[in-house]
Structures are given as structure tokens and as C-alpha cells.
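Enquirer: Take a look at the following structure, please.
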Amino acid sequence: MNIQRVVEKDTRSAFDKVKELYGDDSVILSNKRIGKHVELMVAVDLDPEGFDSISLEEKPEMSIEKKLGSKVYDRESAKKAKTVEWMRAMKKADEVNSSPQHAPISEQESIDKVRAILEKTQQKETQKPVNDHSAELATIHEKMDELHNYFKTHLDISSRNARESLSVEAKDILQKLEDKGFSNTQIAYAQENYLTTGRKRDFWKNTLNWLKGSVTEMSIDPVLDGGVFALVGLTGVGKTTTIAKMASQAALLHGNDEVIIISLDHNRIGSKEQLKLYGMMLDVEVRHAKNNTDLKLQLDSVRNRKVVLIDTSGVSIKNHSLPILCDYLRSTDRNINILLTLAANTQTEINAAICESVEKDVDGVLITKMDEVLTFGGVVSSMMASKLPLAGITNGQEVPQHYARLASSDFVDMCFDELPENCVLEPAGKQASAA
């Protein structure tokens with residue numbers, strides 16, 4: 001004999017399920033409602049040979065001859081066996097139904113049981129031994145934060161105290177660096193290394209020389225030397241306009257047939273039309289590459305051109321896609337020189353983050369919109385930290401005039417308004433062409 005439990009939405013469905021699973025010979029032992037469902041306890045495999053008149057603990061599937069030690073079997077014995085088997089099944093069903101786990105409970109009782117289990121689990125979590133590893137790590141992390149805050153506060157106080165003891169000349173220099181937007185790290189370095197010892201009249205000269213030595217310039221002049229150059233950067237920093245300025249100067253220097261522009265910008269509305277217009281104005285060929293494979297084919301077909309400029313789609317600082325774009329270009333052609341385009345009017349923190357994210361992926365930096373800011377020390381500071389070389393600057397909207405190749409020392413002088421008033425920024429390659 002075997003006891004089975006069937007639960008369905010109503011009595012009729014439950015009976016149909018019993019008949020389907022166990023046939024017409026099954027016996028319904030109980031019929032109870034549990035919440036919105038009906039539970040049937042069913043006895044199946046009622047074998048008259050399963051009666052045990054000696055012990056109910058023996059296996060029901062054993063024949064009656066084996067249990068009684070007799071080979072005699074008659075109809076009366078079978079009837080008794082079936083009756084006792086029925087009684088046994090009823091007893092077992094009552095025991096099952098009376099047990100707590102099968103007793104019908106209400107929905108609220110179910111919720112209360114779940115809540116009790118959750119509360120018990122939470123109590124166990126809070127009663128973990130003090131030597132639990134997660135607790136130890138949390139304690140260590142908290143102590144490290146306390147130490148970090150302590151040392152930061154100590155260093156800030158020490159720096160302020162040290163600054164108070166500086167000379168008037170040194171304080172003026174530090175204030176100048178702050179006003180120009182240099183980072184606190186670089187200001188502290190200047191204070192410690194160039195403004196505490198030596199002659200006071202040399203403080204500014206030594207600081208300026210340090211800044212100039214910390215900013216380098218790109219060894220290749222894109223306009224004069226030529227090559228394949230791809231401009232990357234955030235949306236709206238002026239990549240397309242800068243390419244037009246560079247292409248126009250290269251066309252004047254090398255000839256229109258030696259310059260070509262390839263566009264990869266498929267996101268910005270009107271980007272293709274803008275480049276086509278520039279191409280018509282400059283009499284320079286403009287092409288569009290659909291994907292990586294197409295760009296590779298385009299580059300293979302223009303190997304003989306002196307200057308190849310690639311315009312790319314602008315990216316967002318939030319999606320961290322700039323390094324991916326650089327990898328995409330490198331995988332297309334290892335000879336591409338990638339130039340990071342930074343706008344001088346972008347927040348210093350953003351420019352610093354961009355330089356840090358691609359400092360190993362780009363070959364140089366183009367600074368745009370120099371005419372739209374009063375100071376650009378933040379850009380200089382970002383380049384110093386990332387050690388990215390300067391490729392050129394743009395300081396106006398006119399094509400081709402307002403793109404210039406600038407020495408790093410002159411770039412730093414511009415930051416502090418120390419270029420002579422009669423100094424005019426010449427277009428890249430003009431002096432070389434004149435010579």
C-alpha cells in the first residue's frame with residue numbers, strides 16, 4: 001500500500017486527477033479544504049496479500065503466505081486482509097492529516113510563519129561570532145578610512161602652516177597657480193621644491209621652468225610632416241572644425257591632391273554634410289567609412305597621400321567609450337596617430353579624467369577653443385599629470401588661420417600671459433614653407 005496526496009483547485013478536479021494517476025482501484029482516505037484548494041489523501045496498491053496479522057511493521061508488498069508462514073490462501077483470508085489493510089490506511093492517513101506540516105492553515109498563518117523564519121534568520125546573522133572574516137574586514141576598512149582622514153587632515157594642516165611661514169613672493173606665486181587652475185598636487189609640489197629655498201627673486205623663474213619642462217610637444221607636426229591622424233574626444237570639442245583648419249593648411253603647403261579627409265562620424269546630425277561643405281570650400285577630397293573594414297580599405301587606397309585626417313564620433317565622459325574607440329582605430333591600422341582633442345573651456349576635472357583614461361592610447365593632444373577662456377591652467381595641469389605631448393592649438397573660428405603648432409614653452413607662457421604682445425601665432429608649417 002502507498003499513501004499519496006493530491007491537491008487541486010476543486011473536488012471534481014482532484015477526483016479526476018486521482019483517477020488519471022492511480023486508476024479506479026485507488027481509495028480516497030480523506031477530503032479536506034486547504035485555503036482555496038482541496039486536498040485528497042489516496043491509498044493506492046491495496047494488495048490483499050499485503051495483510052500482516054502478526055506485525056504491521058513488515059513490508060506490505062510481501063505475500064500473506066510469507067507473513068503467516070503458510071501456503072494456504074482462501075477467499076476469507078483475502079477479505080480479512082483487505083479489511084485490515086483499509087483500517088491501516090485510514091490510521092496512517094489520520095496521522096498524516098493530524099501532523100502540523102499537513103494541517104490546513106490560513107493565508108495569514110502562512111505569512112506569520114514566513115515572517116517568523118525570516119526573523120529567526122536575521123537573529124542568527126546578528127549573532128555571528130566576533131571572529132567572522134566579514135566582520136574583521138569591515139573593521140579593518142573602517143580603521144583604514146579613519147587613518148586616511150587623519151593623515152589627510154594632518155597634511156592639510158601642515159601645508160597651511162607651512163604656507164603661512166612662506167615669504168610674500170612665494171605666497172603670490174602659489175596664489176597665481178591657484179588662479180590659473182592648477183591642481184592642488186602640483187601646487188603643493190611647487191611649494192615644497194621651488195618656493196622654500198634659494199633666492200626669492202628666482203622663485204618664479206624656477207617654477208616657470210619646471211612647468212615648461214613638465215609639458216612636452218609632439219615630435220611629429222601633422223601639417224608639416226604629414227601622416228595619418230585620427231581626432232578623438234568628447235562631443236562638441238571642435239574635432240571637425242579643427243580638421244578643416246589642418247586640412248586647409250596642409251593643402252596650401254603640399255597641394256590639394258595630397259590631402260584627404262575620412263569621416264567615421266555617423267552619430268551627429270549633419271556631420272557628413274558639414275565635411276562635404278568643407279571639402280568643397282577647400283577643394284579637398286572627403287570620404288566616408290561605414291565600419292572598421294571599410295576604413296581599412298579606404299586607408300589602403302590612400303597610402304600615397306601626404307596628409308590623411310580621420311574625423312570620429314564624439315563620445316560621452318559617462319560611458320567610458322573613448323579607450324574603446326582608440327582600440328578600434330589601432331586594430332584598423334597601427335600607423336594611425338591618435339590625437340586627443342581637449343576643449344580649453346571644459347571643466348578641469350573632466351579634462352583630467354579624459355587624459356588619465358587614454359594616456360597610454362593616444363599620441364598627442366590638440367587644445368581647442370583657447371579664445372573662449374580667460375585661463376587654461378587646468379589643461380596644462382592635466383597634460384602634466386598624464387605626460388601627453390602637445391600637437392597643436394586652435395584659438396579662433398577662422399579657417400585656416402586659427403590653428404597653430406606651438407612649442408610647449410610658449411604654451412606655458414600663454415597660460416600666464418607672458419608671451420610678448422606683438423607675438424602672433426603663425427599657422428602650422430608656415431615658417432617651414434617660407435624657408
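So you can find residues: chains in the C-alpha cells are A, B, ... in the order shown, residues in each start at 1, and ligands are numbered from 1 in order.
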Need to verify the contact set: Ser214 (chain A), 6 Å, only C-alpha atoms, exclusion of same-chain residues closer than 2 positions in sequence. Can you return it as a PyMOL selection string?
Expert: chain A and resi 211-212+384
Enquirer: Hey, what's within 8 Å of His37 (chain A) if we count only C-alpha atoms and toss same-chain stuff fewer than 6 positions away? As number ranges by chain, please?
Expert: A: 7-10
Enquirer: Please list as a PyMOL selection string every residue within 7 Å of Ile3 (chain A), counting only C-alpha atoms and excluding residues in the same chain fewer than 2 positions away.
Expert: chain A and resi 1+5+41-44
Enquirer: Next, dump the selected residues to file, keeping only C-alpha atoms, as a tab-separated table (two decimals), in the first residue's frame.
Expert:
chain	number	residue	atom	x	y	z
A	1	MET	CA	0.00	0.00	0.00
A	5	ARG	CA	-1.57	13.34	-1.57
A	41	MET	CA	-5.35	11.56	0.69
A	42	VAL	CA	-5.39	8.46	-1.52
A	43	ALA	CA	-4.45	4.84	-0.81
A	44	VAL	CA	-3.11	3.00	-3.86
Enquirer: Suppose you want the space between CA of Tyr278 (chain A) and CA of His254 (chain A); what is it in Å?
Expert: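 Taking CA of Tyr278 (chain A) and CA of His254 (chain A), their separation equals 17.6 Å.
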Enquirer: Env of Gln186 (chain A): 10 Å cut, atoms = only C-alpha atoms, seq-sep filter 6 positions within chain, self excluded. Answer as a ChimeraX atom specification.
Expert: /A:177-178,192,211,381,384-385
Enquirer: Please identify the strand (DSSP E) residues within region 172-409 of chain A (assignment by DSSP from backbone atoms) and present them as a PyMOL selection string.
Expert: chain A and resi 227-233+259-263+285-288+307-311+337-343+364-368+390-394+403-404
Enquirer: Keeping N, CA and C atoms, export the residues of the selection given above as a short mmCIF file (atom, residue, chain, number, x, y, z; two decimals), in the first residue's frame.
Expert:
data_model
loop_
_atom_site.label_atom_id
_atom_site.label_comp_id
_atom_site.auth_asym_id
_atom_site.auth_seq_id
_atom_site.Cartn_x
_atom_site.Cartn_y
_atom_site.Cartn_z
N GLY A 227 51.11 62.38 -42.49
CA GLY A 227 50.84 61.08 -41.92
C GLY A 227 49.34 60.87 -41.80
N VAL A 228 48.97 59.82 -41.07
CA VAL A 228 47.56 59.51 -40.84
C VAL A 228 47.22 59.90 -39.41
N PHE A 229 46.22 60.78 -39.25
CA PHE A 229 45.87 61.30 -37.93
C PHE A 229 44.37 61.18 -37.71
N ALA A 230 43.99 60.61 -36.57
CA ALA A 230 42.59 60.50 -36.18
C ALA A 230 42.34 61.36 -34.95
N LEU A 231 41.34 62.21 -35.00
CA LEU A 231 40.99 63.07 -33.87
C LEU A 231 39.86 62.43 -33.07
N VAL A 232 40.08 62.28 -31.77
CA VAL A 232 39.07 61.70 -30.88
C VAL A 232 38.82 62.66 -29.73
N GLY A 233 37.67 62.53 -29.08
CA GLY A 233 37.37 63.39 -27.95
C GLY A 233 35.89 63.43 -27.66
N VAL A 259 45.96 65.84 -49.80
CA VAL A 259 45.21 65.85 -48.54
C VAL A 259 43.86 65.17 -48.75
N ILE A 260 43.46 64.35 -47.80
CA ILE A 260 42.15 63.70 -47.85
C ILE A 260 41.58 63.61 -46.43
N ILE A 261 40.25 63.75 -46.34
CA ILE A 261 39.54 63.65 -45.07
C ILE A 261 38.63 62.43 -45.13
N ILE A 262 38.67 61.60 -44.08
CA ILE A 262 37.80 60.42 -43.98
C ILE A 262 36.95 60.57 -42.72
N SER A 263 35.66 60.42 -42.89
CA SER A 263 34.74 60.61 -41.76
C SER A 263 34.27 59.27 -41.22
N GLU A 285 39.43 66.27 -51.09
CA GLU A 285 38.56 65.10 -51.18
C GLU A 285 38.09 64.67 -49.79
N VAL A 286 36.80 64.32 -49.73
CA VAL A 286 36.20 63.85 -48.48
C VAL A 286 35.54 62.49 -48.74
N ARG A 287 35.83 61.52 -47.87
CA ARG A 287 35.23 60.19 -47.97
C ARG A 287 34.56 59.83 -46.65
N HIS A 288 33.71 58.80 -46.71
CA HIS A 288 33.03 58.32 -45.51
C HIS A 288 33.25 56.82 -45.39
N VAL A 307 48.82 63.80 -46.30
CA VAL A 307 48.11 64.02 -45.04
C VAL A 307 46.73 63.38 -45.13
N VAL A 308 46.45 62.48 -44.19
CA VAL A 308 45.14 61.83 -44.08
C VAL A 308 44.57 62.15 -42.71
N LEU A 309 43.41 62.78 -42.68
CA LEU A 309 42.78 63.20 -41.43
C LEU A 309 41.47 62.44 -41.25
N ILE A 310 41.28 61.82 -40.08
CA ILE A 310 40.11 61.00 -39.80
C ILE A 310 39.28 61.69 -38.72
N ASP A 311 38.02 61.96 -39.05
CA ASP A 311 37.08 62.55 -38.09
C ASP A 311 36.25 61.44 -37.46
N ASN A 337 48.02 57.86 -36.12
CA ASN A 337 48.37 58.69 -34.96
C ASN A 337 47.08 59.23 -34.36
N ILE A 338 46.81 58.88 -33.11
CA ILE A 338 45.56 59.29 -32.46
C ILE A 338 45.81 60.55 -31.66
N LEU A 339 45.04 61.60 -31.95
CA LEU A 339 45.18 62.88 -31.27
C LEU A 339 43.94 63.12 -30.41
N LEU A 340 44.16 63.29 -29.12
CA LEU A 340 43.08 63.61 -28.19
C LEU A 340 42.76 65.09 -28.28
N THR A 341 41.51 65.42 -28.53
CA THR A 341 41.08 66.81 -28.66
C THR A 341 40.44 67.26 -27.35
N LEU A 342 41.04 68.26 -26.72
CA LEU A 342 40.53 68.81 -25.46
C LEU A 342 40.10 70.25 -25.68
N ALA A 343 38.93 70.60 -25.17
CA ALA A 343 38.47 71.99 -25.23
C ALA A 343 38.93 72.72 -23.97
N GLY A 364 49.12 62.30 -28.90
CA GLY A 364 49.28 63.71 -28.63
C GLY A 364 47.96 64.36 -28.31
N VAL A 365 48.02 65.67 -27.98
CA VAL A 365 46.83 66.42 -27.57
C VAL A 365 46.70 67.67 -28.41
N LEU A 366 45.46 67.91 -28.89
CA LEU A 366 45.11 69.17 -29.54
C LEU A 366 44.23 69.95 -28.58
N ILE A 367 44.59 71.21 -28.31
CA ILE A 367 43.81 72.06 -27.42
C ILE A 367 42.98 73.01 -28.28
N THR A 368 41.67 72.98 -28.12
CA THR A 368 40.78 73.83 -28.91
C THR A 368 40.12 74.89 -28.03
N LEU A 390 51.96 67.95 -26.58
CA LEU A 390 51.12 68.91 -27.28
C LEU A 390 51.33 68.80 -28.79
N ALA A 391 50.22 68.68 -29.54
CA ALA A 391 50.31 68.58 -31.00
C ALA A 391 49.99 69.91 -31.67
N GLY A 392 49.10 70.70 -31.07
CA GLY A 392 48.74 71.98 -31.66
C GLY A 392 47.59 72.59 -30.89
N ILE A 393 47.22 73.84 -31.26
CA ILE A 393 46.13 74.54 -30.59
C ILE A 393 45.26 75.23 -31.63
N THR A 394 44.03 75.52 -31.26
CA THR A 394 43.17 76.39 -32.06
C THR A 394 42.72 77.53 -31.17
N TYR A 403 44.62 77.74 -36.46
CA TYR A 403 45.26 76.51 -35.96
C TYR A 403 46.76 76.77 -35.99
N ALA A 404 47.45 76.44 -34.89
CA ALA A 404 48.88 76.73 -34.81
C ALA A 404 49.61 75.59 -34.14
#
Enquirer: Excluding Asp225 (chain A) and its own-chain neighbours fewer than 3 positions away, which residues fall within 9 Å of it when counting only C-alpha atoms? Please give them as a PyMOL selection string.
Expert: chain A and resi 220-222+306-307+429
Enquirer: Within region 1-46 of chain A, find each residue whose DSSP state, derived from the backbone, is alpha helix (DSSP H), and express the selection as a PyMOL selection string.
Expert: chain A and resi 11-22
Enquirer: With only C-alpha atoms as the counted atoms, please give the residues lying no more than 12 Å from Glu398 (chain A), apart from itself and same-chain residues fewer than 4 positions off, as a ChimeraX atom specification.
Expert: /A:241-242,244-246,248-249,369,371,394,402-404,427
Enquirer: Grab the residues selected above and save them as an mmCIF file, in the first residue's frame with N, CA and C atoms.
Expert:
data_model
loop_
_atom_site.group_PDB
_atom_site.id
_atom_site.type_symbol
_atom_site.label_atom_id
_atom_site.label_comp_id
_atom_site.auth_asym_id
_atom_site.auth_seq_id
_atom_site.Cartn_x
_atom_site.Cartn_y
_atom_site.Cartn_z
ATOM 1 N N THR A 241 35.851 70.995 -36.986
ATOM 2 C CA THR A 241 36.372 72.314 -37.364
ATOM 3 C C THR A 241 37.894 72.322 -37.351
ATOM 4 N N THR A 242 38.493 71.661 -36.371
ATOM 5 C CA THR A 242 39.952 71.591 -36.303
ATOM 6 C C THR A 242 40.507 70.833 -37.506
ATOM 7 N N ALA A 244 39.193 70.731 -40.464
ATOM 8 C CA ALA A 244 39.105 71.649 -41.606
ATOM 9 C C ALA A 244 40.276 72.625 -41.614
ATOM 10 N N LYS A 245 40.645 73.132 -40.438
ATOM 11 C CA LYS A 245 41.788 74.060 -40.359
ATOM 12 C C LYS A 245 43.088 73.361 -40.729
ATOM 13 N N MET A 246 43.283 72.156 -40.206
ATOM 14 C CA MET A 246 44.508 71.417 -40.514
ATOM 15 C C MET A 246 44.562 71.040 -41.987
ATOM 16 N N SER A 248 43.139 72.572 -44.534
ATOM 17 C CA SER A 248 43.361 73.747 -45.376
ATOM 18 C C SER A 248 44.818 74.168 -45.358
ATOM 19 N N GLN A 249 45.466 74.116 -44.176
ATOM 20 C CA GLN A 249 46.887 74.475 -44.111
ATOM 21 C C GLN A 249 47.750 73.444 -44.832
ATOM 22 N N LYS A 369 39.512 75.880 -28.696
ATOM 23 C CA LYS A 369 38.712 76.928 -28.044
ATOM 24 C C LYS A 369 39.520 77.717 -27.022
ATOM 25 N N ASP A 371 40.375 80.645 -27.370
ATOM 26 C CA ASP A 371 39.871 82.013 -27.371
ATOM 27 C C ASP A 371 38.626 82.179 -26.512
ATOM 28 N N THR A 394 44.028 75.521 -31.256
ATOM 29 C CA THR A 394 43.173 76.393 -32.056
ATOM 30 C C THR A 394 42.723 77.532 -31.165
ATOM 31 N N HIS A 402 43.281 79.951 -37.663
ATOM 32 C CA HIS A 402 43.304 79.741 -36.216
ATOM 33 C C HIS A 402 43.638 78.319 -35.792
ATOM 34 N N TYR A 403 44.622 77.740 -36.456
ATOM 35 C CA TYR A 403 45.261 76.514 -35.964
ATOM 36 C C TYR A 403 46.760 76.766 -35.990
ATOM 37 N N ALA A 404 47.445 76.441 -34.888
ATOM 38 C CA ALA A 404 48.877 76.734 -34.810
ATOM 39 C C ALA A 404 49.614 75.590 -34.136
ATOM 40 N N PRO A 427 50.211 80.061 -38.495
ATOM 41 C CA PRO A 427 49.683 78.742 -38.868
ATOM 42 C C PRO A 427 50.804 77.708 -38.943
#
Enquirer: Which residue is closest to Val399 (chain A)? Choose from A:Ser219, A:Leu137, A:Asn184, A:Ala250 and count only C-alpha atoms.
Expert: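 When distances to Val399 (chain A) are compared using only C-alpha atoms, the smallest one comes from A:Ala250.
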Enquirer: Which of these residues is nearest to Val284 (chain A), using only C-alpha atoms: A:Ala251, A:Ile324, A:Ile34, A:Ile140?
Expert: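 Between A:Ala251, A:Ile324, A:Ile34, A:Ile140, the residue approaching Val284 (chain A) most closely is A:Ala251.
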